[in-house]
>>> print(open('coords_20.cif').read())   # mmCIF, C-alpha atoms
data_target
loop_
_atom_site.group_PDB
_atom_site.id
_atom_site.type_symbol
_atom_site.label_atom_id
_atom_site.label_comp_id
_atom_site.auth_asym_id
_atom_site.auth_seq_id
_atom_site.Cartn_x
_atom_site.Cartn_y
_atom_site.Cartn_z
ATOM 1 C CA MET O 187 84.967 47.825 50.566
ATOM 2 C CA SER O 188 82.532 49.251 53.120
ATOM 3 C CA ASP O 189 78.902 49.864 52.127
ATOM 4 C CA VAL O 190 79.404 53.626 52.485
ATOM 5 C CA ALA O 191 82.312 53.548 50.002
ATOM 6 C CA ALA O 192 80.325 51.196 47.723
ATOM 7 C CA ILE O 193 77.397 53.654 47.596
ATOM 8 C CA GLU O 194 79.750 56.573 46.853
ATOM 9 C CA ARG O 195 81.295 54.518 44.027
ATOM 10 C CA LEU O 196 77.833 53.622 42.690
ATOM 11 C CA VAL O 197 76.881 57.323 42.505
ATOM 12 C CA LEU O 198 79.930 58.013 40.294
ATOM 13 C CA LYS O 199 79.496 54.892 38.147
ATOM 14 C CA HIS O 200 75.783 55.635 37.669
ATOM 15 C CA ALA O 201 76.556 59.169 36.439
ATOM 16 C CA GLU O 202 79.179 57.752 34.028
ATOM 17 C CA LEU O 203 76.709 55.145 32.808
ATOM 18 C CA LYS O 204 74.068 57.760 32.028
ATOM 19 C CA LYS O 205 76.647 59.789 30.056
ATOM 20 C CA GLU O 206 77.602 56.684 28.068
ATOM 21 C CA ILE O 207 73.926 55.929 27.257
ATOM 22 C CA ALA O 208 73.332 59.588 26.308
ATOM 23 C CA LYS O 209 75.866 59.192 23.456
ATOM 24 C CA VAL O 210 73.174 57.228 21.606
ATOM 25 C CA ILE O 211 69.853 58.018 23.331
ATOM 26 C CA VAL O 212 68.692 61.642 23.379
ATOM 27 C CA GLY O 213 66.495 62.623 26.357
ATOM 28 C CA GLN O 214 64.237 59.963 27.969
ATOM 29 C CA ASP O 215 66.118 60.492 31.274
ATOM 30 C CA GLU O 216 63.286 59.311 33.498
ATOM 31 C CA VAL O 217 62.804 56.138 31.431
ATOM 32 C CA ILE O 218 66.517 55.266 31.523
ATOM 33 C CA GLU O 219 66.639 55.972 35.273
ATOM 34 C CA GLN O 220 63.747 53.550 35.922
ATOM 35 C CA ILE O 221 65.276 50.806 33.746
ATOM 36 C CA LEU O 222 68.567 51.189 35.640
ATOM 37 C CA LEU O 223 66.768 51.100 39.008
ATOM 38 C CA SER O 224 65.120 47.821 38.003
ATOM 39 C CA ILE O 225 68.536 46.435 36.987
ATOM 40 C CA TYR O 226 70.163 47.522 40.280
ATOM 41 C CA THR O 227 67.395 45.690 42.177
ATOM 42 C CA GLY O 228 67.174 42.619 39.916
ATOM 43 C CA GLY O 229 63.689 43.474 38.623
ATOM 44 C CA HIS O 230 62.180 43.344 35.126
ATOM 45 C CA SER O 231 60.689 46.262 33.178
ATOM 46 C CA LEU O 232 57.865 46.661 30.685
ATOM 47 C CA LEU O 233 58.310 49.578 28.251
ATOM 48 C CA ILE O 234 55.054 50.912 26.848
ATOM 49 C CA GLY O 235 55.229 53.297 23.905
ATOM 50 C CA VAL O 236 54.153 53.833 20.312
ATOM 51 C CA PRO O 237 56.415 52.452 17.545
ATOM 52 C CA GLY O 238 59.547 54.423 16.662
ATOM 53 C CA LEU O 239 60.491 55.760 20.124
ATOM 54 C CA ALA O 240 63.811 53.837 20.088
ATOM 55 C CA LYS O 241 62.737 51.298 22.726
ATOM 56 C CA THR O 242 64.835 48.530 21.158
ATOM 57 C CA LEU O 243 67.832 50.826 20.622
ATOM 58 C CA MET O 244 67.583 51.991 24.246
ATOM 59 C CA VAL O 245 67.673 48.442 25.656
ATOM 60 C CA ASN O 246 70.519 47.492 23.310
ATOM 61 C CA THR O 247 72.548 50.569 24.356
ATOM 62 C CA ILE O 248 71.949 49.927 28.082
ATOM 63 C CA ALA O 249 73.067 46.278 27.662
ATOM 64 C CA GLN O 250 76.254 47.419 25.890
ATOM 65 C CA ALA O 251 77.047 50.060 28.535
ATOM 66 C CA LEU O 252 76.510 47.483 31.303
ATOM 67 C CA GLY O 253 78.806 44.999 29.547
ATOM 68 C CA LEU O 254 76.147 42.272 29.614
ATOM 69 C CA ASP O 255 75.060 39.615 27.125
ATOM 70 C CA PHE O 256 72.003 40.731 25.200
ATOM 71 C CA LYS O 257 69.475 38.877 23.055
ATOM 72 C CA ARG O 258 66.394 40.178 21.311
ATOM 73 C CA ILE O 259 63.327 37.988 20.785
ATOM 74 C CA GLN O 260 60.764 39.324 18.323
ATOM 75 C CA PHE O 261 57.381 38.130 19.574
ATOM 76 C CA THR O 262 55.037 37.145 16.728
ATOM 77 C CA PRO O 263 51.679 35.310 16.670
ATOM 78 C CA ASP O 264 53.340 32.072 15.461
ATOM 79 C CA LEU O 265 56.205 32.038 18.025
ATOM 80 C CA MET O 266 56.324 28.787 20.035
ATOM 81 C CA PRO O 267 57.654 28.328 23.623
ATOM 82 C CA SER O 268 60.511 26.143 22.285
ATOM 83 C CA ASP O 269 61.622 29.075 20.061
ATOM 84 C CA ILE O 270 62.372 30.982 23.287
ATOM 85 C CA LEU O 271 63.457 28.293 25.729
ATOM 86 C CA GLY O 272 65.281 25.881 23.410
ATOM 87 C CA SER O 273 64.598 22.206 22.742
ATOM 88 C CA GLU O 274 66.040 18.708 23.048
ATOM 89 C CA ILE O 275 67.370 17.037 19.900
ATOM 90 C CA LEU O 276 68.823 13.605 19.159
ATOM 91 C CA ASP O 277 72.549 13.763 18.364
ATOM 92 C CA GLN O 278 74.504 11.301 16.160
ATOM 93 C CA ASN O 279 74.901 8.863 19.090
ATOM 94 C CA ARG O 280 71.120 8.879 19.611
ATOM 95 C CA ASN O 281 71.440 10.764 22.933
ATOM 96 C CA PHE O 282 69.239 13.699 23.774
ATOM 97 C CA LYS O 283 71.085 16.991 23.705
ATOM 98 C CA PHE O 284 69.659 20.325 24.880
ATOM 99 C CA LEU O 285 70.017 23.253 22.498
ATOM 100 C CA LYS O 286 69.691 26.518 24.444
ATOM 101 C CA GLY O 287 67.199 29.090 23.189
ATOM 102 C CA PRO O 288 67.700 32.879 23.198
ATOM 103 C CA ILE O 289 66.364 33.116 26.770
ATOM 104 C CA PHE O 290 69.859 32.082 27.968
ATOM 105 C CA SER O 291 71.360 35.573 28.121
ATOM 106 C CA ASN O 292 71.784 38.319 30.763
ATOM 107 C CA ILE O 293 69.364 40.791 29.221
ATOM 108 C CA ILE O 294 66.397 39.623 27.147
ATOM 109 C CA LEU O 295 64.517 42.134 25.055
ATOM 110 C CA ALA O 296 61.036 40.690 24.577
ATOM 111 C CA ASP O 297 59.993 42.876 21.665
ATOM 112 C CA GLU O 298 56.231 43.483 21.288
ATOM 113 C CA ILE O 299 55.429 40.884 23.938
ATOM 114 C CA ASN O 300 51.668 41.352 23.475
ATOM 115 C CA ARG O 301 51.810 40.090 19.868
ATOM 116 C CA THR O 302 52.249 36.454 20.884
ATOM 117 C CA PRO O 303 49.585 34.090 22.306
ATOM 118 C CA PRO O 304 49.372 33.476 26.100
ATOM 119 C CA LYS O 305 50.992 30.005 25.781
ATOM 120 C CA THR O 306 54.220 31.607 24.535
ATOM 121 C CA GLN O 307 53.993 34.594 26.906
ATOM 122 C CA ALA O 308 53.815 32.075 29.769
ATOM 123 C CA ALA O 309 57.159 30.559 28.668
ATOM 124 C CA LEU O 310 58.799 33.617 30.239
ATOM 125 C CA LEU O 311 57.100 33.234 33.635
ATOM 126 C CA GLU O 312 59.421 30.641 35.194
ATOM 127 C CA ALA O 313 62.524 32.375 33.815
ATOM 128 C CA MET O 314 61.428 35.738 35.273
ATOM 129 C CA GLN O 315 60.566 34.390 38.714
ATOM 130 C CA GLU O 316 62.853 31.395 39.311
ATOM 131 C CA ARG O 317 65.768 32.420 37.034
ATOM 132 C CA ALA O 318 65.551 28.890 35.602
ATOM 133 C CA VAL O 319 63.962 27.008 32.704
ATOM 134 C CA THR O 320 62.480 23.497 32.877
ATOM 135 C CA ILE O 321 62.688 21.422 29.693
ATOM 136 C CA ALA O 322 61.618 17.757 29.595
ATOM 137 C CA GLY O 323 61.723 17.568 33.404
ATOM 138 C CA HIS O 324 65.258 19.007 33.690
ATOM 139 C CA GLN O 325 65.765 22.405 35.298
ATOM 140 C CA HIS O 326 68.402 24.594 33.638
ATOM 141 C CA LYS O 327 69.664 27.554 35.684
ATOM 142 C CA LEU O 328 70.029 30.900 33.924
ATOM 143 C CA GLU O 329 73.195 32.956 34.292
ATOM 144 C CA LEU O 330 72.930 35.875 36.685
ATOM 145 C CA PRO O 331 72.293 38.767 36.479
ATOM 146 C CA TYR O 332 69.123 38.142 34.468
ATOM 147 C CA PHE O 333 66.581 40.716 33.275
ATOM 148 C CA VAL O 334 63.629 40.725 30.957
ATOM 149 C CA LEU O 335 62.918 44.096 29.371
ATOM 150 C CA ALA O 336 59.719 43.796 27.369
ATOM 151 C CA THR O 337 58.189 46.317 24.978
ATOM 152 C CA GLN O 338 54.519 46.746 24.227
ATOM 153 C CA ASN O 339 52.595 49.116 21.962
ATOM 154 C CA PRO O 340 49.744 50.868 23.768
ATOM 155 C CA ILE O 341 47.705 51.112 20.579
ATOM 156 C CA GLU O 342 45.340 48.154 20.567
ATOM 157 C CA GLN O 343 45.905 46.911 17.057
ATOM 158 C CA GLU O 344 44.750 43.733 15.344
ATOM 159 C CA GLY O 345 46.253 40.532 16.679
ATOM 160 C CA THR O 346 47.411 41.553 20.139
ATOM 161 C CA TYR O 347 46.967 39.449 23.276
ATOM 162 C CA PRO O 348 46.870 41.539 26.483
ATOM 163 C CA LEU O 349 49.287 40.289 29.148
ATOM 164 C CA PRO O 350 47.534 38.411 31.985
ATOM 165 C CA GLU O 351 47.692 40.008 35.458
ATOM 166 C CA ALA O 352 50.055 37.285 36.783
ATOM 167 C CA GLN O 353 52.532 38.111 34.043
ATOM 168 C CA LEU O 354 52.188 41.888 34.489
ATOM 169 C CA ASP O 355 52.843 41.518 38.218
ATOM 170 C CA ARG O 356 56.224 39.904 37.443
ATOM 171 C CA PHE O 357 57.402 43.227 35.984
ATOM 172 C CA MET O 358 58.785 45.573 38.619
ATOM 173 C CA PHE O 359 58.187 48.700 36.511
ATOM 174 C CA ALA O 360 55.769 49.554 33.727
ATOM 175 C CA ILE O 361 57.441 52.537 32.076
ATOM 176 C CA GLU O 362 55.596 54.814 29.678
ATOM 177 C CA LEU O 363 57.630 56.384 26.879
ATOM 178 C CA LYS O 364 56.432 59.775 25.714
ATOM 179 C CA TYR O 365 57.228 61.552 22.443
ATOM 180 C CA PRO O 366 60.468 63.596 22.566
ATOM 181 C CA SER O 367 60.302 67.395 22.791
ATOM 182 C CA VAL O 368 60.910 69.392 19.583
ATOM 183 C CA ALA O 369 64.509 70.196 20.633
ATOM 184 C CA GLU O 370 65.189 66.511 21.423
ATOM 185 C CA GLU O 371 63.636 65.373 18.140
ATOM 186 C CA ILE O 372 65.812 67.841 16.188
ATOM 187 C CA GLN O 373 68.875 66.362 17.943
ATOM 188 C CA VAL O 374 67.705 62.790 17.166
ATOM 189 C CA VAL O 375 67.208 63.635 13.474
ATOM 190 C CA LYS O 376 70.647 65.295 13.261
ATOM 191 C CA ASN O 377 72.342 62.304 14.906
ATOM 192 C CA THR O 378 70.583 59.605 12.923
ATOM 193 C CA THR O 379 70.708 61.143 9.453
ATOM 194 C CA ALA O 380 74.423 61.992 9.500
ATOM 195 C CA ASN O 381 77.352 59.620 9.174
ATOM 196 C CA ILE O 382 78.076 59.545 12.927
ATOM 197 C CA LYS O 383 78.919 56.264 14.646
ATOM 198 C CA GLN O 384 78.956 56.287 18.432
ATOM 199 C CA THR O 385 80.764 53.571 20.374
ATOM 200 C CA VAL O 386 79.294 52.626 23.731
ATOM 201 C CA ASN O 387 81.946 51.438 26.185
ATOM 202 C CA PRO O 388 81.082 48.727 28.740
ATOM 203 C CA LEU O 389 81.475 50.168 32.248
ATOM 204 C CA PHE O 390 80.393 47.190 34.378
ATOM 205 C CA SER O 391 80.769 43.425 34.404
ATOM 206 C CA ALA O 392 78.130 40.830 35.342
ATOM 207 C CA GLN O 393 79.822 40.464 38.754
ATOM 208 C CA ASP O 394 79.645 44.266 39.355
ATOM 209 C CA ILE O 395 75.880 44.204 38.763
ATOM 210 C CA ILE O 396 75.403 41.278 41.177
ATOM 211 C CA GLU O 397 77.417 43.187 43.829
ATOM 212 C CA ILE O 398 75.253 46.306 43.317
ATOM 213 C CA GLN O 399 72.099 44.182 43.759
ATOM 214 C CA GLU O 400 73.489 42.748 47.010
ATOM 215 C CA LEU O 401 74.463 46.246 48.179
ATOM 216 C CA VAL O 402 70.921 47.558 47.531
ATOM 217 C CA ARG O 403 69.444 44.691 49.568
ATOM 218 C CA ARG O 404 71.765 45.542 52.507
ATOM 219 C CA ILE O 405 70.628 49.189 52.681
ATOM 220 C CA PRO O 406 68.652 49.705 55.929
ATOM 221 C CA VAL O 407 65.106 51.120 55.797
ATOM 222 C CA ALA O 408 63.301 52.922 58.623
ATOM 223 C CA ASP O 409 60.085 51.256 59.841
ATOM 224 C CA ASN O 410 58.000 54.331 59.041
ATOM 225 C CA VAL O 411 59.051 54.136 55.355
ATOM 226 C CA VAL O 412 58.115 50.430 55.142
ATOM 227 C CA GLU O 413 54.783 51.187 56.860
ATOM 228 C CA TYR O 414 54.121 54.064 54.462
ATOM 229 C CA ALA O 415 54.786 51.863 51.382
ATOM 230 C CA VAL O 416 52.591 49.012 52.661
ATOM 231 C CA LYS O 417 49.730 51.366 53.605
ATOM 232 C CA LEU O 418 49.967 53.037 50.199
ATOM 233 C CA VAL O 419 49.624 49.675 48.418
ATOM 234 C CA ASN O 420 46.861 48.697 50.843
ATOM 235 C CA SER O 421 44.914 51.828 49.957
ATOM 236 C CA THR O 422 44.575 50.607 46.331
ATOM 237 C CA ARG O 423 42.461 47.579 47.325
ATOM 238 C CA PRO O 424 38.749 48.383 46.842
ATOM 239 C CA ASN O 425 37.502 45.214 48.629
ATOM 240 C CA LEU O 426 38.922 46.312 52.013
ATOM 241 C CA ASP O 427 36.669 48.066 54.542
ATOM 242 C CA SER O 428 39.349 50.736 54.988
ATOM 243 C CA ALA O 429 39.352 51.602 51.238
ATOM 244 C CA SER O 430 38.366 55.176 50.367
ATOM 245 C CA ASP O 431 35.150 55.888 48.449
ATOM 246 C CA TYR O 432 37.273 57.119 45.546
ATOM 247 C CA VAL O 433 39.071 53.750 45.241
ATOM 248 C CA LYS O 434 35.796 51.801 45.578
ATOM 249 C CA GLN O 435 34.295 54.015 42.899
ATOM 250 C CA TYR O 436 37.025 53.636 40.260
ATOM 251 C CA LEU O 437 39.034 50.447 40.891
ATOM 252 C CA ASP O 438 38.135 46.775 40.392
ATOM 253 C CA TRP O 439 41.363 45.397 41.843
ATOM 254 C CA GLY O 440 44.292 46.777 43.786
ATOM 255 C CA ALA O 441 48.000 45.903 43.913
ATOM 256 C CA GLY O 442 49.325 42.778 45.672
ATOM 257 C CA PRO O 443 52.187 42.342 48.178
ATOM 258 C CA ARG O 444 54.782 42.258 45.374
ATOM 259 C CA ALA O 445 54.056 45.968 44.853
ATOM 260 C CA SER O 446 55.043 46.717 48.494
ATOM 261 C CA GLN O 447 58.274 44.742 48.114
ATOM 262 C CA ASN O 448 59.119 46.540 44.870
ATOM 263 C CA LEU O 449 58.353 49.985 46.340
ATOM 264 C CA ILE O 450 60.916 49.385 49.087
ATOM 265 C CA LEU O 451 63.529 47.894 46.723
ATOM 266 C CA GLY O 452 63.006 50.740 44.231
ATOM 267 C CA ALA O 453 63.259 53.340 47.024
ATOM 268 C CA LYS O 454 66.504 51.743 48.292
ATOM 269 C CA ALA O 455 68.065 51.816 44.798
ATOM 270 C CA ASN O 456 66.909 55.411 44.228
ATOM 271 C CA ALA O 457 68.437 56.450 47.558
ATOM 272 C CA ALA O 458 71.719 54.692 46.662
ATOM 273 C CA ILE O 459 72.174 56.397 43.263
ATOM 274 C CA ASN O 460 71.565 59.736 44.970
ATOM 275 C CA GLY O 461 74.221 59.050 47.609
ATOM 276 C CA LYS O 462 71.794 58.488 50.502
ATOM 277 C CA PHE O 463 72.445 55.649 52.937
ATOM 278 C CA SER O 464 68.778 54.989 53.723
ATOM 279 C CA PRO O 465 65.610 55.721 51.700
ATOM 280 C CA ASP O 466 62.884 58.110 52.844
ATOM 281 C CA ILE O 467 59.268 58.660 51.740
ATOM 282 C CA GLU O 468 60.483 60.918 48.885
ATOM 283 C CA ASP O 469 62.276 57.920 47.366
ATOM 284 C CA VAL O 470 59.048 55.894 47.510
ATOM 285 C CA HIS O 471 57.272 58.722 45.638
ATOM 286 C CA VAL O 472 59.902 58.687 42.866
ATOM 287 C CA VAL O 473 59.191 55.034 41.979
ATOM 288 C CA VAL O 474 55.508 54.727 42.899
ATOM 289 C CA LYS O 475 53.920 55.377 39.485
ATOM 290 C CA GLY O 476 56.123 52.939 37.569
ATOM 291 C CA ILE O 477 55.457 50.263 40.187
ATOM 292 C CA LEU O 478 51.691 50.687 40.677
ATOM 293 C CA ARG O 479 50.620 51.717 37.148
ATOM 294 C CA HIS O 480 50.203 48.148 35.846
ATOM 295 C CA ARG O 481 49.035 46.614 39.112
ATOM 296 C CA ILE O 482 45.801 48.527 39.646
ATOM 297 C CA ILE O 483 42.811 47.604 37.493
ATOM 298 C CA LYS O 484 40.288 50.323 36.694
ATOM 299 C CA ASN O 485 36.571 49.640 36.311
ATOM 300 C CA TYR O 486 34.199 50.768 33.540
ATOM 301 C CA LYS O 487 33.295 53.954 35.429
ATOM 302 C CA ALA O 488 36.952 55.093 35.423
ATOM 303 C CA GLU O 489 37.225 54.225 31.713
ATOM 304 C CA ALA O 490 34.019 56.112 30.896
ATOM 305 C CA GLU O 491 35.126 59.208 32.811
ATOM 306 C CA GLY O 492 38.617 59.133 31.240
ATOM 307 C CA ILE O 493 40.382 58.681 34.601
ATOM 308 C CA SER O 494 43.905 57.245 34.156
ATOM 309 C CA GLU O 495 45.940 55.067 36.518
ATOM 310 C CA GLU O 496 48.187 58.113 37.134
ATOM 311 C CA ASP O 497 45.201 60.194 38.269
ATOM 312 C CA ILE O 498 44.258 57.486 40.763
ATOM 313 C CA ILE O 499 47.837 57.194 42.098
ATOM 314 C CA ASP O 500 48.074 61.021 42.412
ATOM 315 C CA LYS O 501 44.839 61.020 44.388
ATOM 316 C CA LEU O 502 46.172 58.292 46.731
ATOM 317 C CA LEU O 503 49.408 60.229 47.321
#
>>> encode(input="coords_20.cif", output="structure tokens")
Amino acid sequence: MSDVAAIERLVLKHAELKKEIAKVIVGQDEVIEQILLSIYTGGHSLLIGVPGLAKTLMVNTIAQALGLDFKRIQFTPDLMPSDILGSEILDQNRNFKFLKGPIFSNIILADEINRTPPKTQAALLEAMQERAVTIAGHQHKLELPYFVLATQNPIEQEGTYPLPEAQLDRFMFAIELKYPSVAEEIQVVKNTTANIKQTVNPLFSAQDIIEIQELVRRIPVADNVVEYAVKLVNSTRPNLDSASDYVKQYLDWGAGPRASQNLILGAKANAAINGKFSPDIEDVHVVVKGILRHRIIKNYKAEAEGISEEDIIDKLL
């Protein structure tokens, strides 16, 4: 199949997929779109929202509709790395045997990832970057496609451990979930308090997802779009001479090169689902907030003046 035909097919399949997810999830279109963009590009997503916004249900529904294996890991303060990765045990013949942990699945939901200490958070790092896990000196490859979708509560409660910058940078998108509108909430209440069971049909296979990821990588990008994305990321770095006074005033650190790569990948995927054969600057704008939000670090002045990451990104655009 030619790339043109593959993109046209993706547009149709993407629309079907969103309909399938909408059977269970009311509203949250932008959130679902960003999760799907990260899946089409092979990236990971961090979902930030207060409890009860159906984050877990959303990830579960998306996994079902994509026809992928799904495992949920509830992160708690006493969770150990071996609880995620697996461990070696002695079998009856006194040989070491590796028992796989829940990380061996296509989609991992890392629920409340900031509730576990850094040692356990770090257990995900190799899996997210290398798509492999090393136990007792042996590297075990993970099955592709592989995604980590993590959830985090924005309310700083007792016993949370903020994610280190290196870990945050591994997430392609940081997606903020807002409260539903009154009309959406009425629909949610009607659906969840009645005896209605919705079945979500799998529309893709693991191989389909891998082919979509390869297709997205093959999409050509004009030099001016790449330049625009790189300059945009560059403009977030306060230690550069070229940085604006505004950035120097409110930011401690800017985004790294991974942000530029993700902006282009996200723009390519956004162009593809909209039936375009090459992304433009508009496509970069669609994904920019989700990609930069968690990669720029505000200083005390920004905190004191109540300036959010979104305000800073708006100003840069």
>>> resolve_selection(input="coords_20.cif", expression="the PyMOL selection byres ((chain O and resi 299) around 12)", output="PyMOL selection string")
chain O and resi 231-234+258-263+265+294-298+300-310+334-340+345-350+353-354
>>> closest_residue(input="coords_20.cif", among="O:Lys383, O:Arg444, O:Lys364, O:Arg195", to="O:Asn420", atoms="all atoms listed in the file")
O:Arg444
>>> atom_distance(input="coords_20.cif", atom1="atom CA of O:Leu389", atom2="atom CA of O:Ala208")
13.8 Å
>>> closest_residue(input="coords_20.cif", among="O:Gly213, O:Gly476, O:Gly253, O:Gly238", to="O:Asn387", atoms="all atoms listed in the file")
O:Gly253
>>> residues_around(input="coords_20.cif", residues="O:Lys199", least_positions_apart="3", cutoff="12 Å", atoms="only C-alpha atoms", output="PyMOL selection string")
chain O and resi 192-196+202-206+222+251-252+388-390+394-395+398+458-461
>>> write_last_selection(input="coords_20.cif", atoms="C-alpha atoms", output="PDB file, in the frame of the given file")
ATOM      1  CA  ALA O 192      80.325  51.196  47.723  1.00  0.00           C
ATOM      2  CA  ILE O 193      77.397  53.654  47.596  1.00  0.00           C
ATOM      3  CA  GLU O 194      79.750  56.573  46.853  1.00  0.00           C
ATOM      4  CA  ARG O 195      81.295  54.518  44.027  1.00  0.00           C
ATOM      5  CA  LEU O 196      77.833  53.622  42.690  1.00  0.00           C
ATOM      6  CA  GLU O 202      79.179  57.752  34.028  1.00  0.00           C
ATOM      7  CA  LEU O 203      76.709  55.145  32.808  1.00  0.00           C
ATOM      8  CA  LYS O 204      74.068  57.760  32.028  1.00  0.00           C
ATOM      9  CA  LYS O 205      76.647  59.789  30.056  1.00  0.00           C
ATOM     10  CA  GLU O 206      77.602  56.684  28.068  1.00  0.00           C
ATOM     11  CA  LEU O 222      68.567  51.189  35.640  1.00  0.00           C
ATOM     12  CA  ALA O 251      77.047  50.060  28.535  1.00  0.00           C
ATOM     13  CA  LEU O 252      76.510  47.483  31.303  1.00  0.00           C
ATOM     14  CA  PRO O 388      81.082  48.727  28.740  1.00  0.00           C
ATOM     15  CA  LEU O 389      81.475  50.168  32.248  1.00  0.00           C
ATOM     16  CA  PHE O 390      80.393  47.190  34.378  1.00  0.00           C
ATOM     17  CA  ASP O 394      79.645  44.266  39.355  1.00  0.00           C
ATOM     18  CA  ILE O 395      75.880  44.204  38.763  1.00  0.00           C
ATOM     19  CA  ILE O 398      75.253  46.306  43.317  1.00  0.00           C
ATOM     20  CA  ALA O 458      71.719  54.692  46.662  1.00  0.00           C
ATOM     21  CA  ILE O 459      72.174  56.397  43.263  1.00  0.00           C
ATOM     22  CA  ASN O 460      71.565  59.736  44.970  1.00  0.00           C
ATOM     23  CA  GLY O 461      74.221  59.050  47.609  1.00  0.00           C
TER      24      GLY O 461
END
>>> residues_around(input="coords_20.cif", residues="stretch 267-272 of chain O", least_positions_apart="6", cutoff="6 Å", atoms="only C-alpha atoms", output="ChimeraX atom specification")
/O:285-289,306,309
>>> resolve_selection(input="coords_20.cif", expression="the PyMOL selection byres ((chain O and resi 450-455) around 10)", output="MDAnalysis selection string")
chainID O and resid 193 220 222:229 358:359 398:399 401:407 411:412 414:416 445:449 456:474 476:477
>>> residues_near_point(input="coords_20.cif", point="(68.9, 35.0, 33.2)", cutoff="9 Å", atoms="all atoms listed in the file", output="list of chain:residue names")
O:Ile289, O:Phe290, O:Ser291, O:Asn292, O:Ile293, O:Ile294, O:Ala313, O:Met314, O:Arg317, O:Ala318, O:Lys327, O:Leu328, O:Glu329, O:Leu330, O:Pro331, O:Tyr332, O:Phe333, O:Val334
>>> closest_residue(input="coords_20.cif", among="O:Ser430, O:Ala201, O:Asn485, O:Arg479", to="O:Asp497", atoms="all atoms listed in the file")
O:Arg479
